[in-house]
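*Asks:* Please read through the structure below; I'll follow up with questions.
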Amino acid sequence: MRLGEMSWTALGEQLKQGPLDVIVPLGALEQHGPHLPLDTDALIAEAVSDRAAQTAGECMVAPIIPVGASHHHLAFPGTASLSDGTLRSVMVEVIQTLLSHGFRGAYLVTGHAGNVGAMAAVMAELDPTERSRVVSFDDWPAQRDAVHRVAEDQLGLDRELVGTHGGHFETSIMLAIAPDRVDMASAVAGHIGPAASASAKLRSEGMAALSPVGIIGDPRQATADAGESYLDALVDLVVEGIEAHRHRSMQRVAP
């Protein structure tokens, strides 16, 4: 299911055999506190994309676009960032070239909230025929709410302590998918507060002004089991979106 692992001939044969979609995961290279690696968002986006492709079927996963729009993290060493315009152009050209080879549809899946502005703008750059074959999962509040509902309903945790960036939910997912990359001995609490106001300050003043350690939430009680539950919620959102788009597409072509 990993597009980058296939030869062009093997892919060509698969495209001849039946409809095939492609997920394009989007990551970031940015700080995630003292306990998580800079490529955390990329690893999470790939995990969500791989699992969604397995569940939805008839789906490949393209190589990740590893650097995103991360200007609000540039105060921290190691962070790299693309402008929204550059990121948008990269996504548009990747989507257009993949669709030209015969993929039925393309789905943009991000592990980084900072990418969603460019993702939404992609749709306006596509012509109507291309646009009808593309879904951008750029509703970050919906994704954040999905993991916070898991925290409250399944784990009995307060959503403000769970947080977002580098907090309980991202740390738990990393413990589930890449435990060797997590340094729990270095985990510390970051900004604790409502997600909406944290996001507003993050966008306007940058992460360092919101949280000097680069974390929103408290990751210290993160577990791999919680990470699996959070992943399930994120994968469900993507799979539901893929299935809904396929259904709409079938209705459009029905006689």
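FYI, nothing fancy with the structure tokens labels: chains A, B, ... in order, residues from 1 per chain, ligands from 1 as they appear.
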Taking only C-alpha atoms into account, produce a table as a tab-separated table in which each residue of segment 116-145 of chain A with an atom at most 8 Å from an atom of segment 225-242 of chain A appears once, together with its shortest atom pair and the distance in Å to one decimal, ordered by chain and rising number.
*Replies:*
```
residue	atom	partner	partner_atom	distance
A:Val135	CA	A:Ile242	CA	7.9
A:Phe137	CA	A:Val238	CA	7.4
A:Gln143	CA	A:Leu234	CA	6.5
```
*Asks:* Write out as number ranges by chain all residues of segment 6-36 of chain A that backbone DSSP assigns to strand (DSSP E or B).
*Replies:* A: 21-26, 29
*Asks:* Residues at most 8 Å from segment 8-25 of chain A, counting only C-alpha atoms, excluding those fewer than 4 positions away in the same chain, as a PyMOL selection string?
*Replies:* chain A and resi 3+42+45-46+49+53+58-65+102-111
*Asks:* Looking at A:His72, A:Arg159, A:Arg2, A:His112, which one is nearest to Gly27 of chain A, with distances taken over only C-alpha atoms?
*Replies:* A:His112
*Asks:* Show me, as a PyMOL selection string, the residues that have an atom within 9 Å of Ala189 of chain A when counting only C-alpha atoms, minus same-chain residues fewer than 3 positions from it.
*Replies:* chain A and resi 161+167+192+213+215-220
*Asks:* Give me, as a CSV table (one decimal) with all heavy atoms, in the first residue's frame, all polymer residues having an atom no more than 10 Å from segment 117-130 of chain A, counting only C-alpha atoms and skipping those fewer than 4 positions away in the same chain.
*Replies:*
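Below you can see part.csv, which holds the result:
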```csv
chain,number,residue,atom,x,y,z
A,26,LEU,N,0.8,14.6,5.1
A,26,LEU,CA,1.5,15.8,5.3
A,26,LEU,C,2.1,15.9,6.7
A,26,LEU,O,1.3,15.7,7.6
A,26,LEU,CB,0.6,17.0,5.0
A,26,LEU,CG,-0.2,17.1,3.7
A,26,LEU,CD1,-1.2,18.1,3.8
A,26,LEU,CD2,0.8,17.3,2.6
A,68,GLY,N,6.2,21.2,6.7
A,68,GLY,CA,5.0,22.0,6.5
A,68,GLY,C,5.1,23.4,6.9
A,68,GLY,O,6.2,24.0,6.9
A,69,ALA,N,4.0,24.1,7.2
A,69,ALA,CA,4.0,25.5,7.6
A,69,ALA,C,4.1,25.5,9.1
A,69,ALA,O,3.2,25.3,9.8
A,69,ALA,CB,2.7,26.1,7.1
A,83,SER,N,6.4,28.4,3.5
A,83,SER,CA,5.2,29.4,3.4
A,83,SER,C,4.0,28.6,3.0
A,83,SER,O,4.1,27.6,2.3
A,83,SER,CB,5.5,30.5,2.4
A,83,SER,OG,5.6,30.0,1.1
A,84,ASP,N,2.8,29.2,3.3
A,84,ASP,CA,1.6,28.6,2.8
A,84,ASP,C,1.6,28.5,1.3
A,84,ASP,O,1.1,27.5,0.8
A,84,ASP,CB,0.4,29.4,3.3
A,84,ASP,CG,0.0,29.1,4.7
A,84,ASP,OD1,0.6,28.2,5.4
A,84,ASP,OD2,-0.9,29.7,5.2
A,85,GLY,N,2.1,29.5,0.6
A,85,GLY,CA,2.0,29.5,-0.8
A,85,GLY,C,2.9,28.4,-1.4
A,85,GLY,O,2.5,27.7,-2.4
A,86,THR,N,4.1,28.2,-0.8
A,86,THR,CA,5.0,27.1,-1.3
A,86,THR,C,4.4,25.7,-1.0
A,86,THR,O,4.4,24.9,-1.9
A,86,THR,CB,6.4,27.2,-0.6
A,86,THR,OG1,7.0,28.5,-1.0
A,86,THR,CG2,7.3,26.1,-1.1
A,87,LEU,N,3.9,25.6,0.2
A,87,LEU,CA,3.3,24.3,0.5
A,87,LEU,C,2.1,24.0,-0.4
A,87,LEU,O,1.9,22.9,-0.8
A,87,LEU,CB,2.8,24.3,2.0
A,87,LEU,CG,2.2,23.0,2.5
A,87,LEU,CD1,3.1,21.8,2.3
A,87,LEU,CD2,1.8,23.2,4.0
A,88,ARG,N,1.2,25.0,-0.6
A,88,ARG,CA,0.1,24.8,-1.5
A,88,ARG,C,0.5,24.4,-2.9
A,88,ARG,O,-0.1,23.5,-3.5
A,88,ARG,CB,-0.7,26.1,-1.6
A,88,ARG,CG,-2.0,26.0,-2.5
A,88,ARG,CD,-2.7,27.4,-2.6
A,88,ARG,NE,-1.9,28.3,-3.4
A,88,ARG,CZ,-1.4,29.4,-2.9
A,88,ARG,NH1,-1.5,29.8,-1.6
A,88,ARG,NH2,-0.7,30.2,-3.7
A,89,SER,N,1.5,25.0,-3.4
A,89,SER,CA,2.0,24.7,-4.8
A,89,SER,C,2.5,23.2,-4.8
A,89,SER,O,2.3,22.5,-5.8
A,89,SER,CB,3.1,25.7,-5.2
A,89,SER,OG,2.6,27.0,-5.4
A,90,VAL,N,3.2,22.8,-3.8
A,90,VAL,CA,3.7,21.5,-3.8
A,90,VAL,C,2.6,20.5,-3.8
A,90,VAL,O,2.6,19.5,-4.5
A,90,VAL,CB,4.6,21.3,-2.5
A,90,VAL,CG1,4.9,19.8,-2.3
A,90,VAL,CG2,5.9,22.0,-2.7
A,91,MET,N,1.6,20.7,-2.9
A,91,MET,CA,0.4,19.8,-2.9
A,91,MET,C,-0.3,19.8,-4.2
A,91,MET,O,-0.7,18.7,-4.7
A,91,MET,CB,-0.5,20.2,-1.7
A,91,MET,CG,0.0,19.9,-0.3
A,91,MET,SD,-1.2,20.3,1.0
A,91,MET,CE,-1.1,22.0,1.1
A,92,VAL,N,-0.5,20.9,-4.8
A,92,VAL,CA,-1.3,21.0,-6.1
A,92,VAL,C,-0.6,20.1,-7.1
A,92,VAL,O,-1.2,19.3,-7.8
A,92,VAL,CB,-1.5,22.4,-6.5
A,92,VAL,CG1,-1.9,22.5,-8.0
A,92,VAL,CG2,-2.5,23.1,-5.6
A,93,GLU,N,0.7,20.3,-7.2
A,93,GLU,CA,1.5,19.6,-8.3
A,93,GLU,C,1.6,18.1,-8.0
A,93,GLU,O,1.5,17.3,-8.9
A,93,GLU,CB,2.9,20.3,-8.5
A,93,GLU,CG,2.8,21.7,-9.0
A,93,GLU,CD,4.1,22.3,-9.3
A,93,GLU,OE1,5.0,21.5,-9.7
A,93,GLU,OE2,4.3,23.5,-9.2
A,95,ILE,N,-0.7,16.4,-6.4
A,95,ILE,CA,-2.1,15.8,-6.6
A,95,ILE,C,-2.3,15.7,-8.1
A,95,ILE,O,-2.8,14.7,-8.7
A,95,ILE,CB,-3.1,16.7,-6.0
A,95,ILE,CG1,-3.1,16.5,-4.5
A,95,ILE,CG2,-4.5,16.4,-6.5
A,95,ILE,CD1,-3.9,17.6,-3.7
A,96,GLN,N,-2.0,16.8,-8.9
A,96,GLN,CA,-2.3,16.8,-10.3
A,96,GLN,C,-1.5,15.7,-11.0
A,96,GLN,O,-2.1,15.0,-11.9
A,96,GLN,CB,-2.0,18.1,-10.9
A,96,GLN,CG,-2.9,19.2,-10.5
A,96,GLN,CD,-2.6,20.6,-11.0
A,96,GLN,OE1,-1.4,20.9,-11.1
A,96,GLN,NE2,-3.6,21.4,-11.3
A,99,LEU,N,-3.1,12.2,-10.1
A,99,LEU,CA,-4.4,12.0,-10.7
A,99,LEU,C,-4.2,11.7,-12.2
A,99,LEU,O,-5.0,11.0,-12.8
A,99,LEU,CB,-5.3,13.2,-10.5
A,99,LEU,CG,-5.8,13.5,-9.1
A,99,LEU,CD1,-6.7,14.7,-9.1
A,99,LEU,CD2,-6.6,12.3,-8.6
A,100,SER,N,-3.2,12.3,-12.8
A,100,SER,CA,-3.0,12.2,-14.3
A,100,SER,C,-2.6,10.7,-14.6
A,100,SER,O,-2.8,10.3,-15.8
A,100,SER,CB,-1.9,13.1,-14.8
A,100,SER,OG,-0.6,12.7,-14.4
A,105,GLY,N,-9.1,9.0,-6.9
A,105,GLY,CA,-9.2,10.1,-6.0
A,105,GLY,C,-8.0,10.3,-5.2
A,105,GLY,O,-7.1,9.4,-5.1
A,106,ALA,N,-7.8,11.5,-4.7
A,106,ALA,CA,-6.7,11.8,-3.8
A,106,ALA,C,-7.1,12.4,-2.5
A,106,ALA,O,-8.1,13.3,-2.5
A,106,ALA,CB,-5.7,12.8,-4.5
A,108,LEU,N,-5.9,14.3,1.1
A,108,LEU,CA,-4.8,15.0,1.9
A,108,LEU,C,-5.1,14.8,3.4
A,108,LEU,O,-6.1,15.1,3.9
A,108,LEU,CB,-4.8,16.5,1.6
A,108,LEU,CG,-4.4,16.9,0.2
A,108,LEU,CD1,-4.7,18.4,0.0
A,108,LEU,CD2,-2.9,16.6,0.0
A,109,VAL,N,-4.1,14.2,4.1
A,109,VAL,CA,-4.2,13.9,5.5
A,109,VAL,C,-3.0,14.5,6.2
A,109,VAL,O,-1.8,14.2,5.9
A,109,VAL,CB,-4.2,12.4,5.7
A,109,VAL,CG1,-4.1,12.1,7.2
A,109,VAL,CG2,-5.5,11.8,5.1
A,110,THR,N,-3.2,15.4,7.2
A,110,THR,CA,-2.1,16.0,7.9
A,110,THR,C,-2.0,15.6,9.3
A,110,THR,O,-3.0,15.3,10.0
A,110,THR,CB,-2.3,17.6,7.8
A,110,THR,OG1,-1.2,18.2,8.4
A,110,THR,CG2,-3.5,18.0,8.6
A,113,ALA,N,-1.4,20.8,12.5
A,113,ALA,CA,-2.5,21.8,12.3
A,113,ALA,C,-2.1,23.0,11.5
A,113,ALA,O,-2.9,23.6,10.8
A,113,ALA,CB,-2.9,22.3,13.7
A,134,VAL,N,-10.8,15.1,-5.3
A,134,VAL,CA,-9.9,15.4,-4.1
A,134,VAL,C,-10.7,15.7,-2.9
A,134,VAL,O,-11.7,16.4,-2.9
A,134,VAL,CB,-9.0,16.6,-4.5
A,134,VAL,CG1,-8.1,16.9,-3.3
A,134,VAL,CG2,-8.1,16.2,-5.7
A,135,VAL,N,-10.2,15.2,-1.7
A,135,VAL,CA,-10.7,15.6,-0.4
A,135,VAL,C,-9.5,16.0,0.4
A,135,VAL,O,-8.5,15.4,0.5
A,135,VAL,CB,-11.5,14.4,0.3
A,135,VAL,CG1,-11.8,14.8,1.7
A,135,VAL,CG2,-12.7,14.1,-0.5
A,136,SER,N,-9.7,17.2,1.0
A,136,SER,CA,-8.7,17.7,2.0
A,136,SER,C,-9.2,17.6,3.4
A,136,SER,O,-10.2,18.3,3.7
A,136,SER,CB,-8.4,19.2,1.6
A,136,SER,OG,-7.5,19.8,2.6
A,137,PHE,N,-8.6,16.9,4.2
A,137,PHE,CA,-9.0,16.7,5.6
A,137,PHE,C,-8.4,17.9,6.4
A,137,PHE,O,-7.4,17.7,7.2
A,137,PHE,CB,-8.6,15.4,6.2
A,137,PHE,CG,-9.4,14.2,5.6
A,137,PHE,CD1,-8.9,13.5,4.5
A,137,PHE,CD2,-10.6,13.9,6.1
A,137,PHE,CE1,-9.6,12.5,3.9
A,137,PHE,CE2,-11.4,12.9,5.5
A,137,PHE,CZ,-10.8,12.1,4.4
A,138,ASP,N,-8.9,19.1,6.2
A,138,ASP,CA,-8.3,20.3,6.8
A,138,ASP,C,-9.2,20.9,8.0
A,138,ASP,O,-8.9,22.0,8.4
A,138,ASP,CB,-8.1,21.3,5.7
A,138,ASP,CG,-9.3,21.6,4.9
A,138,ASP,OD1,-10.4,21.8,5.5
A,138,ASP,OD2,-9.2,21.7,3.7
A,139,ASP,N,-10.1,20.1,8.5
A,139,ASP,CA,-10.9,20.6,9.6
A,139,ASP,C,-10.2,20.2,10.9
A,139,ASP,O,-10.6,19.2,11.5
A,139,ASP,CB,-12.4,20.0,9.5
A,139,ASP,CG,-13.3,20.6,10.6
A,139,ASP,OD1,-12.8,21.3,11.5
A,139,ASP,OD2,-14.5,20.4,10.5
A,140,TRP,N,-9.2,21.0,11.3
A,140,TRP,CA,-8.4,20.6,12.5
A,140,TRP,C,-9.3,20.6,13.7
A,140,TRP,O,-9.1,19.7,14.6
A,140,TRP,CB,-7.2,21.5,12.6
A,140,TRP,CG,-6.3,20.9,13.7
A,140,TRP,CD1,-6.2,21.4,14.9
A,140,TRP,CD2,-5.4,19.8,13.6
A,140,TRP,NE1,-5.2,20.6,15.6
A,140,TRP,CE2,-4.8,19.7,14.8
A,140,TRP,CE3,-5.1,18.9,12.5
A,140,TRP,CZ2,-3.8,18.7,15.0
A,140,TRP,CZ3,-4.2,17.9,12.8
A,140,TRP,CH2,-3.5,17.8,14.0
```
*Asks:* From the options A:Met174, A:Met1, A:Ala198, A:Ala208, which residue's atoms come nearest to Leu74 of chain A, counting only C-alpha atoms?
*Replies:*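 Closest to Leu74 of chain A of all the choices is A:Ala208.
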*Asks:* Could you please determine the separation between atom CA of Ser172 of chain A and atom CA of Gln221 of chain A in Å, to one decimal place?
*Replies:*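 Interatomic distance, atom CA of Ser172 of chain A to atom CA of Gln221 of chain A: 8.5 Å.
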*Asks:* From the set A:Gly57, A:Ser199, A:Gly193, A:Leu98, which residue has the shortest atom-to-atom contact distance to Asp158 of chain A, counting only C-alpha atoms?
*Replies:*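 Of the candidates, the smallest distance to Asp158 of chain A is held by A:Gly193.
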*Asks:* So which one's closest to His168 of chain A, A:Ala222, A:Arg203, A:Ala56, A:Ala185? Using only C-alpha atoms, please.
*Replies:* A:Ala222
*Asks:* To test your reading of the structure, identify every residue in segment 138-169 of chain A that backbone DSSP assigns to helix (DSSP H, G or I), and report it as an MDAnalysis selection string.
*Replies:* chainID A and resid 140:153 159:162 168:169
*Asks:* How would the residues just chosen look if you wrote them out with C-alpha atoms as a short mmCIF file (atom, residue, chain, number, x, y, z; two decimals), in the first residue's frame?
*Replies:*
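Full text of again.cif as output:
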```cif
data_model
loop_
_atom_site.label_atom_id
_atom_site.label_comp_id
_atom_site.auth_asym_id
_atom_site.auth_seq_id
_atom_site.Cartn_x
_atom_site.Cartn_y
_atom_site.Cartn_z
CA TRP A 140 -8.44 20.57 12.46
CA PRO A 141 -10.98 21.46 15.18
CA ALA A 142 -12.94 18.33 14.21
CA GLN A 143 -9.82 16.20 14.56
CA ARG A 144 -8.90 17.82 17.87
CA ASP A 145 -12.44 17.32 19.18
CA ALA A 146 -12.37 13.66 18.15
CA VAL A 147 -9.31 12.92 20.30
CA HIS A 148 -10.61 15.04 23.15
CA ARG A 149 -13.87 13.05 23.15
CA VAL A 150 -11.81 9.88 23.43
CA ALA A 151 -9.95 11.41 26.37
CA GLU A 152 -13.13 12.38 28.19
CA ASP A 153 -15.42 9.49 27.31
CA ARG A 159 -9.25 17.78 27.60
CA GLU A 160 -7.18 20.74 28.79
CA LEU A 161 -4.68 18.42 30.46
CA VAL A 162 -4.69 16.19 27.38
CA HIS A 168 -0.98 13.58 26.15
CA PHE A 169 -2.53 12.64 22.83
#
```
*Asks:* So, counting only C-alpha atoms, which residue among A:Val48, A:Val94, A:Leu36, A:Leu202 is closest to Met184 of chain A?
*Replies:*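 Once distances to Met184 of chain A are computed over only C-alpha atoms, the minimum belongs to A:Leu36.
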*Asks:* At what distance in Å, to one decimal, does atom CA of Gln54 of chain A lie from atom CA of Arg248 of chain A?
*Replies:* 20.8 Å
*Asks:* Compare A:Asp50, A:Gly78, A:Thr223, A:Ala28 by their minimum atom-to-atom distance to Ile173 of chain A, counting only C-alpha atoms, and give me the closest one.
*Replies:*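 Of all the options, A:Thr223 lies closest to Ile173 of chain A.
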